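Novice: Provided below: input.pdb, containing PDB, C-alpha atoms.
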MODEL        1
ATOM      1  CA  MET A   1      16.180   4.007  15.312
ATOM      2  CA  SER A   2      14.389   1.423  13.195
ATOM      3  CA  TYR A   3      11.203   0.959  11.196
ATOM      4  CA  ASP A   4       9.386  -2.339  11.712
ATOM      5  CA  LEU A   5       7.348  -4.381   9.245
ATOM      6  CA  ALA A   6       5.780  -7.828   9.231
ATOM      7  CA  VAL A   7       4.875 -10.011   6.272
ATOM      8  CA  TRP A   8       2.836 -13.193   6.530
ATOM      9  CA  GLU A   9       0.875 -15.823   4.628
ATOM     10  CA  GLY A  10      -2.916 -15.707   4.475
ATOM     11  CA  ASP A  11      -5.834 -13.607   3.351
ATOM     12  CA  VAL A  12      -5.628  -9.813   3.578
ATOM     13  CA  PRO A  13      -7.345  -8.700   6.824
ATOM     14  CA  GLN A  14     -10.522  -6.652   6.512
ATOM     15  CA  ASP A  15      -8.933  -3.492   7.910
ATOM     16  CA  ASP A  16      -6.002  -2.145   9.914
ATOM     17  CA  LYS A  17      -7.535  -3.143  13.259
ATOM     18  CA  ALA A  18      -7.991  -6.743  12.130
ATOM     19  CA  ALA A  19      -4.450  -6.751  10.734
ATOM     20  CA  ALA A  20      -3.029  -5.531  14.052
ATOM     21  CA  GLN A  21      -4.873  -8.277  15.935
ATOM     22  CA  GLU A  22      -3.655 -10.951  13.522
ATOM     23  CA  PHE A  23      -0.104  -9.675  13.780
ATOM     24  CA  GLU A  24      -0.193  -9.869  17.588
ATOM     25  CA  GLN A  25      -1.505 -13.444  17.442
ATOM     26  CA  LEU A  26       1.111 -14.541  14.921
ATOM     27  CA  TYR A  27       3.896 -12.837  16.856
ATOM     28  CA  GLU A  28       2.878 -14.522  20.095
ATOM     29  CA  ARG A  29       2.605 -17.953  18.482
ATOM     30  CA  TYR A  30       5.657 -17.979  16.218
ATOM     31  CA  PHE A  31       8.150 -15.766  18.040
ATOM     32  CA  VAL A  32       7.252 -16.177  21.713
ATOM     33  CA  GLU A  33       5.634 -19.600  22.142
ATOM     34  CA  SER A  34       6.992 -21.742  19.316
ATOM     35  CA  PRO A  35       9.650 -20.321  16.938
ATOM     36  CA  ARG A  36      10.233 -22.568  13.941
ATOM     37  CA  ARG A  37      11.787 -22.767  10.491
ATOM     38  CA  ALA A  38      10.258 -20.298   8.037
ATOM     39  CA  HIS A  39       7.784 -21.691   5.519
ATOM     40  CA  GLY A  40       8.809 -21.934   1.875
ATOM     41  CA  ALA A  41       6.743 -18.935   0.785
ATOM     42  CA  ILE A  42       8.361 -16.749   3.435
ATOM     43  CA  ARG A  43      11.852 -17.986   2.566
ATOM     44  CA  ALA A  44      11.221 -17.192  -1.122
ATOM     45  CA  TYR A  45      10.026 -13.719  -0.164
ATOM     46  CA  VAL A  46      13.041 -13.016   2.028
ATOM     47  CA  GLU A  47      15.406 -14.258  -0.672
ATOM     48  CA  GLU A  48      13.948 -11.713  -3.097
ATOM     49  CA  LEU A  49      14.288  -8.983  -0.462
ATOM     50  CA  THR A  50      17.959  -9.735   0.059
ATOM     51  CA  ASP A  51      18.536 -10.016  -3.685
ATOM     52  CA  THR A  52      17.037  -6.537  -4.036
ATOM     53  CA  TRP A  53      18.844  -5.095  -0.998
ATOM     54  CA  PRO A  54      21.907  -7.317  -0.329
ATOM     55  CA  GLU A  55      23.154  -7.905   3.197
ATOM     56  CA  ASP A  56      26.319  -5.834   2.946
ATOM     57  CA  ASP A  57      27.671  -2.627   4.462
ATOM     58  CA  LYS A  58      25.014  -0.641   2.551
ATOM     59  CA  SER A  59      22.162  -2.883   3.667
ATOM     60  CA  PRO A  60      18.960  -1.233   4.981
ATOM     61  CA  TRP A  61      18.332  -4.152   7.387
ATOM     62  CA  VAL A  62      18.830  -3.778  11.120
ATOM     63  CA  THR A  63      18.951  -7.598  11.308
ATOM     64  CA  PRO A  64      19.044  -9.934   8.269
ATOM     65  CA  PRO A  65      15.358 -10.775   7.560
ATOM     66  CA  MET A  66      15.929 -14.543   7.437
ATOM     67  CA  GLU A  67      17.054 -14.406  11.062
ATOM     68  CA  THR A  68      13.667 -12.984  12.062
ATOM     69  CA  ALA A  69      11.439 -15.366  10.076
ATOM     70  CA  SER A  70       9.381 -18.086  11.751
ATOM     71  CA  GLY A  71       6.730 -20.330  10.225
ATOM     72  CA  PRO A  72       4.337 -18.219   8.108
ATOM     73  CA  ILE A  73       5.686 -14.806   9.173
ATOM     74  CA  VAL A  74       8.777 -12.624   8.987
ATOM     75  CA  TYR A  75       9.068  -9.598  11.276
ATOM     76  CA  PHE A  76      11.989  -7.355  10.446
ATOM     77  CA  SER A  77      13.413  -3.885  10.933
ATOM     78  CA  VAL A  78      14.676  -1.327   8.432
ATOM     79  CA  ILE A  79      17.069   1.472   9.334
ATOM     80  CA  ALA A  80      14.749   4.432   9.954
ATOM     81  CA  SER A  81      16.585   6.759   7.562
ATOM     82  CA  ARG A  82      16.032   4.220   4.748
ATOM     83  CA  ALA A  83      12.339   3.587   5.437
ATOM     84  CA  ASP A  84      10.928   5.868   2.717
ATOM     85  CA  GLU A  85      13.256   4.285   0.184
ATOM     86  CA  VAL A  86      12.621   0.654   1.143
ATOM     87  CA  CYS A  87       9.122   0.184   2.595
ATOM     88  CA  GLU A  88       7.034   0.571  -0.558
ATOM     89  CA  GLY A  89       9.299  -1.902  -2.350
ATOM     90  CA  VAL A  90       9.037  -4.343   0.549
ATOM     91  CA  ALA A  91       5.232  -4.116   0.348
ATOM     92  CA  GLN A  92       5.169  -4.474  -3.434
ATOM     93  CA  ILE A  93       7.311  -7.624  -3.314
ATOM     94  CA  ALA A  94       4.980  -9.019  -0.637
ATOM     95  CA  ALA A  95       1.988  -8.360  -2.912
ATOM     96  CA  ASP A  96       3.803 -10.037  -5.812
ATOM     97  CA  HIS A  97       4.248 -13.128  -3.604
ATOM     98  CA  GLY A  98       0.616 -13.076  -2.461
ATOM     99  CA  LEU A  99       1.575 -12.175   1.121
ATOM    100  CA  VAL A 100       0.173  -9.670   3.623
ATOM    101  CA  CYS A 101       2.393  -6.699   4.554
ATOM    102  CA  PHE A 102       1.801  -4.889   7.847
ATOM    103  CA  ASP A 103       3.467  -1.648   8.930
ATOM    104  CA  ALA A 104       4.075  -2.226  12.645
ATOM    105  CA  ASN A 105       5.127   1.389  13.235
ATOM    106  CA  ARG A 106       1.867   2.824  11.931
ATOM    107  CA  SER A 107      -0.336  -0.234  12.599
ATOM    108  CA  THR A 108      -1.547  -0.159   8.996
ATOM    109  CA  LEU A 109      -1.650  -2.536   6.061
ATOM    110  CA  ARG A 110       0.706  -1.915   3.167
ATOM    111  CA  GLY A 111       0.781  -3.298  -0.338
ATOM    112  CA  THR A 112      -1.465  -3.586  -3.355
ATOM    113  CA  GLN A 113      -4.457  -5.494  -4.597
ATOM    114  CA  LYS A 114      -4.041  -8.309  -7.104
ATOM    115  CA  GLY A 115      -4.385  -7.062 -10.678
ATOM    116  CA  LEU A 116      -3.957  -3.420  -9.660
ATOM    117  CA  SER A 117      -2.567  -0.941 -12.172
ATOM    118  CA  ILE A 118      -1.548   2.716 -11.917
ATOM    119  CA  THR A 119      -2.045   4.842 -15.024
ATOM    120  CA  THR A 120      -1.199   8.478 -15.771
ATOM    121  CA  ARG A 121      -1.426  10.645 -18.871
ATOM    122  CA  SER A 122       2.004   9.251 -19.828
ATOM    123  CA  GLY A 123       0.853   5.631 -19.529
ATOM    124  CA  ARG A 124       1.084   2.855 -16.989
ATOM    125  CA  VAL A 125       3.594   3.329 -14.157
ATOM    126  CA  GLY A 126       4.918   1.332 -11.215
ATOM    127  CA  MET A 127       4.059   1.678  -7.551
ATOM    128  CA  PRO A 128       5.405   5.044  -6.321
ATOM    129  CA  ALA A 129       7.865   5.098  -3.432
ATOM    130  CA  LEU A 130       6.353   8.320  -2.060
ATOM    131  CA  TRP A 131       2.707   8.983  -2.925
ATOM    132  CA  PHE A 132       2.650  12.708  -2.161
ATOM    133  CA  ALA A 133       5.674  13.438  -4.373
ATOM    134  CA  PHE A 134       4.169  11.273  -7.117
ATOM    135  CA  VAL A 135       0.788  13.050  -6.990
ATOM    136  CA  LEU A 136       2.435  16.491  -6.858
ATOM    137  CA  ASN A 137       4.470  15.720  -9.969
ATOM    138  CA  GLU A 138       1.757  13.987 -11.989
ATOM    139  CA  LEU A 139      -1.043  16.505 -11.376
ATOM    140  CA  ARG A 140       0.926  19.673 -12.108
ATOM    141  CA  GLN A 141      -0.499  20.155 -15.591
ATOM    142  CA  PRO A 142      -4.147  20.724 -16.625
ATOM    143  CA  ASP A 143      -5.800  17.603 -18.043
ATOM    144  CA  SER A 144      -3.405  15.320 -16.138
ATOM    145  CA  PHE A 145      -4.743  12.363 -14.163
ATOM    146  CA  ILE A 146      -3.863   9.313 -12.053
ATOM    147  CA  THR A 147      -6.033   6.189 -12.030
ATOM    148  CA  VAL A 148      -5.424   3.424  -9.477
ATOM    149  CA  GLY A 149      -7.274   0.120  -9.682
ATOM    150  CA  GLN A 150      -8.930  -2.272 -12.107
ATOM    151  CA  PRO A 151     -11.234  -1.368 -15.041
ATOM    152  CA  ARG A 152     -14.463  -1.557 -12.984
ATOM    153  CA  SER A 153     -13.135  -0.616  -9.561
ATOM    154  CA  TYR A 154     -10.774   2.304  -9.197
ATOM    155  CA  ALA A 155      -9.889   5.640  -7.637
ATOM    156  CA  ARG A 156      -8.976   8.496  -9.949
ATOM    157  CA  ALA A 157      -7.588  11.990  -9.435
ATOM    158  CA  ALA A 158      -7.457  14.649 -12.125
ATOM    159  CA  ASN A 159      -6.423  18.233 -12.691
ATOM    160  CA  GLU A 160      -9.382  19.797 -14.519
ATOM    161  CA  GLN A 161      -8.062  23.185 -15.585
ATOM    162  CA  GLY A 162      -6.587  23.850 -12.165
ATOM    163  CA  THR A 163      -9.284  22.181 -10.070
ATOM    164  CA  LEU A 164      -8.214  18.933  -8.390
ATOM    165  CA  VAL A 165     -10.942  16.289  -8.578
ATOM    166  CA  LEU A 166     -11.107  12.910  -6.841
ATOM    167  CA  GLU A 167     -13.387  10.062  -7.936
ATOM    168  CA  TYR A 168     -13.929   6.418  -7.130
ATOM    169  CA  ARG A 169     -15.973   3.672  -8.770
ATOM    170  CA  GLU A 170     -17.008   0.493  -6.978
ATOM    171  CA  ALA A 171     -19.919  -1.961  -7.217
ATOM    172  CA  GLY A 172     -21.239  -0.181 -10.294
ATOM    173  CA  LYS A 173     -21.485   3.181  -8.517
ATOM    174  CA  HIS A 174     -19.375   6.241  -9.330
ATOM    175  CA  PHE A 175     -18.699   9.152  -6.951
ATOM    176  CA  GLN A 176     -16.841  12.447  -7.182
ATOM    177  CA  VAL A 177     -15.625  15.273  -4.974
ATOM    178  CA  ARG A 178     -13.963  18.481  -6.209
ATOM    179  CA  GLU A 179     -11.308  20.892  -4.874
ATOM    180  CA  VAL A 180      -9.417  18.230  -2.931
ATOM    181  CA  PRO A 181      -6.011  19.098  -1.397
ATOM    182  CA  LEU A 182      -2.994  17.197  -2.736
ATOM    183  CA  ASP A 183      -2.302  15.453   0.573
ATOM    184  CA  ARG A 184      -5.883  14.096   0.664
ATOM    185  CA  ILE A 185      -5.516  12.866  -2.913
ATOM    186  CA  ALA A 186      -2.250  11.115  -2.092
ATOM    187  CA  ASP A 187      -3.856   9.527   0.962
ATOM    188  CA  ALA A 188      -6.894   8.331  -1.024
ATOM    189  CA  LEU A 189      -4.891   6.804  -3.882
ATOM    190  CA  SER A 190      -2.409   5.067  -1.583
ATOM    191  CA  GLN A 191      -5.287   3.614   0.444
ATOM    192  CA  TRP A 192      -7.005   2.351  -2.702
ATOM    193  CA  ALA A 193      -3.778   0.656  -3.782
ATOM    194  CA  ALA A 194      -3.626  -1.087  -0.404
ATOM    195  CA  GLY A 195      -7.253  -2.211  -0.550
ATOM    196  CA  GLN A 196      -8.368   0.264   2.113
ATOM    197  CA  ARG A 197     -11.317   2.668   2.011
ATOM    198  CA  GLN A 198     -11.081   4.858   5.132
ATOM    199  CA  PHE A 199     -10.685   7.974   2.986
ATOM    200  CA  ILE A 200     -14.289   7.719   1.734
ATOM    201  CA  ALA A 201     -15.703   8.911   5.069
ATOM    202  CA  ARG A 202     -13.515  12.039   4.933
ATOM    203  CA  HIS A 203     -15.313  13.603   1.963
ATOM    204  CA  SER A 204     -18.813  14.631   0.898
ATOM    205  CA  TRP A 205     -19.342  12.796  -2.379
ATOM    206  CA  ARG A 206     -21.664  13.453  -5.316
ATOM    207  CA  ARG A 207     -22.857  10.338  -7.069
ATOM    208  CA  LEU A 208     -22.275  10.564 -10.813
ATOM    209  CA  GLN A 209     -24.908   9.447 -13.312
ATOM    210  CA  PRO A 210     -24.139   8.041 -16.794
ATOM    211  CA  GLU A 211     -24.862  11.404 -18.385
ATOM    212  CA  ASP A 212     -22.177  13.008 -16.187
ATOM    213  CA  LEU A 213     -19.428  10.751 -17.524
TER     214      LEU A 213
ENDMDL
END
Could you quickly redo this structure as structure tokens?

Specialist:
Amino acid sequence: MSYDLAVWEGDVPQDDKAAAQEFEQLYERYFVESPRRAHGAIRAYVEELTDTWPEDDKSPWVTPPMETASGPIVYFSVIASRADEVCEGVAQIAADHGLVCFDANRSTLRGTQKGLSITTRSGRVGMPALWFAFVLNELRQPDSFITVGQPRSYARAANEQGTLVLEYREAGKHFQVREVPLDRIADALSQWAAGQRQFIARHSWRRLQPEDL
């Protein structure tokens, strides 16, 4: 069993559907019709992947990524049992290189927005490997919080004396919903980190006014 991901050059697609369409077009062009030598940006990305996870007997790769790179895209497979360990790191490295990361198993975008930060009561932290475990750990205590985003555009979850609260701020507007399950919080924060907003439609939000803050 394997877990498949694709990374390519270009702007981040508007949503998962657009990303899936772009992936299909790139796959057809660069793997079916006209395979070619990987572009420099893709080679640099793959080199960092294999520096992080060397191609040895403990490698997570089904096939060495450089062997499945063509032009502006690399499409590679991770051993399924290593997917949770590897995939977030693969996406983070793609974001660091300014590349798009697409999860071909789930047909979703992965990765982070430029300039994104993740902050908790203990300070700034790195991208979590598993969002649910991260949220469960960080929001155990009253007055704990997680903020994902930039200063004027972010999603934030907090434990307010046992009540889990989710907020987001964008385009000068600030919204909140209370009593949110942990799995919904993890989903919302991971989406925000990836530049996605599907979670907004899943909640009934109250718009906050300056006096509420």

Novice: Starting from the PyMOL selection byres ((chain A and resi 25-33) around 9), expand the selection into actual residues of this file and give them as a PyMOL selection string.

Specialist: chain A and resi 8+20-24+34-36+68-73+75

Novice: Separation of atom CA of Val78 of chain A and atom CA of Arg43 of chain A, in Å?

Specialist: 17.9 Å

Novice: Between A:Leu182, A:Val135, A:Ala193, A:Leu130, which one has atoms that come closest to Gln150 of chain A, using only C-alpha atoms?

Specialist: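 Residue with the minimum atom-to-atom distance to Gln150 of chain A: A:Ala193.
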
Novice: Which centre and which edge lengths, in Å to one decimal, describe the axis-aligned box that holds all listed atoms of segment 26-29 of chain A after 6 Å is added on each side, as JSON?

Specialist:
{"center_x": 2.5, "center_y": -15.4, "center_z": 17.5, "size_x": 14.8, "size_y": 17.1, "size_z": 17.2}

Novice: What does the PyMOL selection byres ((chain A and resi 153) around 10) select in this file, as a list in words?

Specialist: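 Answer for the PyMOL selection byres ((chain A and resi 153) around 10): Leu116, Val148, Gly149, Gln150, Pro151, Arg152, Tyr154, Ala155, Tyr168, Arg169, Glu170, Ala171, Gly172, Lys173, His174 and Trp192 of chain A.
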
Novice: So which one's closest to Arg106 of chain A, A:Ala6, A:Gln209, A:Ala158, A:Ile200? Using only C-alpha atoms, please.

Specialist: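 Looking only at the distances to Arg106 of chain A, the closest residue turns out to be A:Ala6.
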
Novice: Would you write out, as an NGL selection string, every residue that the PyMOL selection byres ((chain A and resi 125) around 12) captures in this file?

Specialist: :A and (116-124 or 126-129 or 134 or 138 or 146-148)

Novice: If you count all atoms listed in the file, which residues fall within 9 Å of His97 of chain A, apart from same-chain ones fewer than 5 positions away, as a list of chain:residue names?

Specialist: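 With the cut-off at 9 Å, the set is A:Ala41, A:Ile42, A:Ala44, A:Tyr45, A:Gln92.
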
Novice: Only C-alpha atoms, please: the residues just picked out, written as a compact mmCIF listing (two decimals), in the frame of the given file.

Specialist:
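Result written to result.txt:
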# COMPACT_ATOMS: atom_id res chain seq x y z
CA ALA A 41 6.74 -18.93 0.78
CA ILE A 42 8.36 -16.75 3.44
CA ALA A 44 11.22 -17.19 -1.12
CA TYR A 45 10.03 -13.72 -0.16
CA GLN A 92 5.17 -4.47 -3.43

Novice: Kindly indicate which residue among A:Pro60, A:Gly162, A:Gly98, A:Pro65 lies nearest to Ser81 of chain A, using only C-alpha atoms for the distances.

Specialist: A:Pro60

Novice: Using only C-alpha atoms, which protein or nucleic acid residues come within 8 Å of Glu167 of chain A? Drop anything in the same chain fewer than 6 positions from it, and give the result as a list in words.

Specialist: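 The residues that qualify are Ala155, Arg156, Ala157, His174, Phe175, Gln176 and Val177 of chain A.
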
Novice: Is it possible to get the residues within 12 Å of (-9.9, 1.4, 2.2) (coordinates as in the file, counting only C-alpha atoms) written as a PyMOL selection string?

Specialist: chain A and resi 13-16+108-113+154-155+168+170+187-202

Novice: Provide the atom CA of Met1 of chain A to atom CA of Ala133 of chain A distance in Å, to one decimal place.

Specialist: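 So the two atoms, atom CA of Met1 of chain A and atom CA of Ala133 of chain A, lie 24.2 Å apart.
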
Novice: What is the atom CA of Thr63 of chain A-atom CA of Ala19 of chain A distance in Å, reported with one decimal?

Specialist: 23.4 Å

Novice: So which residues touch Val180 of chain A within 10 Å, counting only C-alpha atoms, skipping near sequence neighbours fewer than 5 positions away, as a ChimeraX atom specification?

Specialist: /A:157,163-166,185,203

Novice: From the options A:Val90, A:Ala80, A:Glu179, A:Arg184, which residue's atoms come nearest to Leu136 of chain A, counting only C-alpha atoms?

Specialist: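 For Leu136 of chain A, the nearest of the given residues is A:Arg184.
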
Novice: Got a minute to add N, CA and C atoms to segment 15-43 of chain A and dump it as an mmCIF file, in the coordinates of the input?

Specialist:
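File out.cif, as written:
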data_model
loop_
_atom_site.group_PDB
_atom_site.id
_atom_site.type_symbol
_atom_site.label_atom_id
_atom_site.label_comp_id
_atom_site.auth_asym_id
_atom_site.auth_seq_id
_atom_site.Cartn_x
_atom_site.Cartn_y
_atom_site.Cartn_z
ATOM 1 N N ASP A 15 -9.355 -4.871 7.702
ATOM 2 C CA ASP A 15 -8.933 -3.492 7.910
ATOM 3 C C ASP A 15 -7.694 -3.482 8.798
ATOM 4 N N ASP A 16 -7.220 -2.269 9.124
ATOM 5 C CA ASP A 16 -6.002 -2.145 9.914
ATOM 6 C C ASP A 16 -6.149 -2.761 11.307
ATOM 7 N N LYS A 17 -7.316 -2.588 11.925
ATOM 8 C CA LYS A 17 -7.535 -3.143 13.259
ATOM 9 C C LYS A 17 -7.423 -4.661 13.239
ATOM 10 N N ALA A 18 -8.057 -5.290 12.255
ATOM 11 C CA ALA A 18 -7.991 -6.743 12.130
ATOM 12 C C ALA A 18 -6.562 -7.194 11.839
ATOM 13 N N ALA A 19 -5.845 -6.414 11.041
ATOM 14 C CA ALA A 19 -4.450 -6.751 10.734
ATOM 15 C C ALA A 19 -3.588 -6.681 11.985
ATOM 16 N N ALA A 20 -3.802 -5.661 12.816
ATOM 17 C CA ALA A 20 -3.029 -5.531 14.052
ATOM 18 C C ALA A 20 -3.289 -6.708 14.993
ATOM 19 N N GLN A 21 -4.533 -7.133 15.087
ATOM 20 C CA GLN A 21 -4.873 -8.277 15.935
ATOM 21 C C GLN A 21 -4.230 -9.557 15.421
ATOM 22 N N GLU A 22 -4.267 -9.749 14.093
ATOM 23 C CA GLU A 22 -3.655 -10.951 13.522
ATOM 24 C C GLU A 22 -2.146 -10.938 13.720
ATOM 25 N N PHE A 23 -1.540 -9.780 13.559
ATOM 26 C CA PHE A 23 -0.104 -9.675 13.780
ATOM 27 C C PHE A 23 0.261 -10.058 15.210
ATOM 28 N N GLU A 24 -0.476 -9.551 16.180
ATOM 29 C CA GLU A 24 -0.193 -9.869 17.588
ATOM 30 C C GLU A 24 -0.309 -11.363 17.851
ATOM 31 N N GLN A 25 -1.329 -12.001 17.262
ATOM 32 C CA GLN A 25 -1.505 -13.444 17.442
ATOM 33 C C GLN A 25 -0.367 -14.229 16.800
ATOM 34 N N LEU A 26 0.018 -13.853 15.598
ATOM 35 C CA LEU A 26 1.111 -14.541 14.921
ATOM 36 C C LEU A 26 2.432 -14.334 15.655
ATOM 37 N N TYR A 27 2.654 -13.118 16.126
ATOM 38 C CA TYR A 27 3.896 -12.837 16.856
ATOM 39 C C TYR A 27 3.982 -13.693 18.114
ATOM 40 N N GLU A 28 2.893 -13.738 18.857
ATOM 41 C CA GLU A 28 2.878 -14.522 20.095
ATOM 42 C C GLU A 28 3.133 -15.992 19.795
ATOM 43 N N ARG A 29 2.493 -16.517 18.773
ATOM 44 C CA ARG A 29 2.605 -17.953 18.482
ATOM 45 C C ARG A 29 3.965 -18.328 17.916
ATOM 46 N N TYR A 30 4.474 -17.544 16.958
ATOM 47 C CA TYR A 30 5.657 -17.979 16.218
ATOM 48 C C TYR A 30 6.971 -17.353 16.669
ATOM 49 N N PHE A 31 6.918 -16.335 17.531
ATOM 50 C CA PHE A 31 8.150 -15.766 18.040
ATOM 51 C C PHE A 31 8.300 -15.946 19.542
ATOM 52 N N VAL A 32 7.191 -16.032 20.255
ATOM 53 C CA VAL A 32 7.252 -16.177 21.713
ATOM 54 C C VAL A 32 7.059 -17.628 22.123
ATOM 55 N N GLU A 33 5.971 -18.250 21.677
ATOM 56 C CA GLU A 33 5.634 -19.600 22.142
ATOM 57 C C GLU A 33 6.385 -20.700 21.409
ATOM 58 N N SER A 34 6.465 -20.606 20.065
ATOM 59 C CA SER A 34 6.992 -21.742 19.316
ATOM 60 C C SER A 34 7.705 -21.306 18.042
ATOM 61 N N PRO A 35 8.894 -20.685 18.142
ATOM 62 C CA PRO A 35 9.650 -20.321 16.938
ATOM 63 C C PRO A 35 9.957 -21.566 16.110
ATOM 64 N N ARG A 36 9.959 -21.418 14.807
ATOM 65 C CA ARG A 36 10.233 -22.568 13.941
ATOM 66 C C ARG A 36 10.813 -22.103 12.611
ATOM 67 N N ARG A 37 11.218 -23.064 11.794
ATOM 68 C CA ARG A 37 11.787 -22.767 10.491
ATOM 69 C C ARG A 37 10.739 -22.068 9.624
ATOM 70 N N ALA A 38 11.181 -21.052 8.889
ATOM 71 C CA ALA A 38 10.258 -20.298 8.037
ATOM 72 C C ALA A 38 9.691 -21.181 6.935
ATOM 73 N N HIS A 39 8.418 -20.975 6.616
ATOM 74 C CA HIS A 39 7.784 -21.691 5.519
ATOM 75 C C HIS A 39 8.429 -21.308 4.187
ATOM 76 N N GLY A 40 8.207 -22.162 3.183
ATOM 77 C CA GLY A 40 8.809 -21.934 1.875
ATOM 78 C C GLY A 40 8.445 -20.607 1.255
ATOM 79 N N ALA A 41 7.174 -20.200 1.381
ATOM 80 C CA ALA A 41 6.743 -18.935 0.785
ATOM 81 C C ALA A 41 7.446 -17.748 1.431
ATOM 82 N N ILE A 42 7.661 -17.824 2.728
ATOM 83 C CA ILE A 42 8.361 -16.749 3.435
ATOM 84 C C ILE A 42 9.840 -16.742 3.066
ATOM 85 N N ARG A 43 10.440 -17.930 2.965
ATOM 86 C CA ARG A 43 11.852 -17.986 2.566
ATOM 87 C C ARG A 43 12.039 -17.395 1.167
#
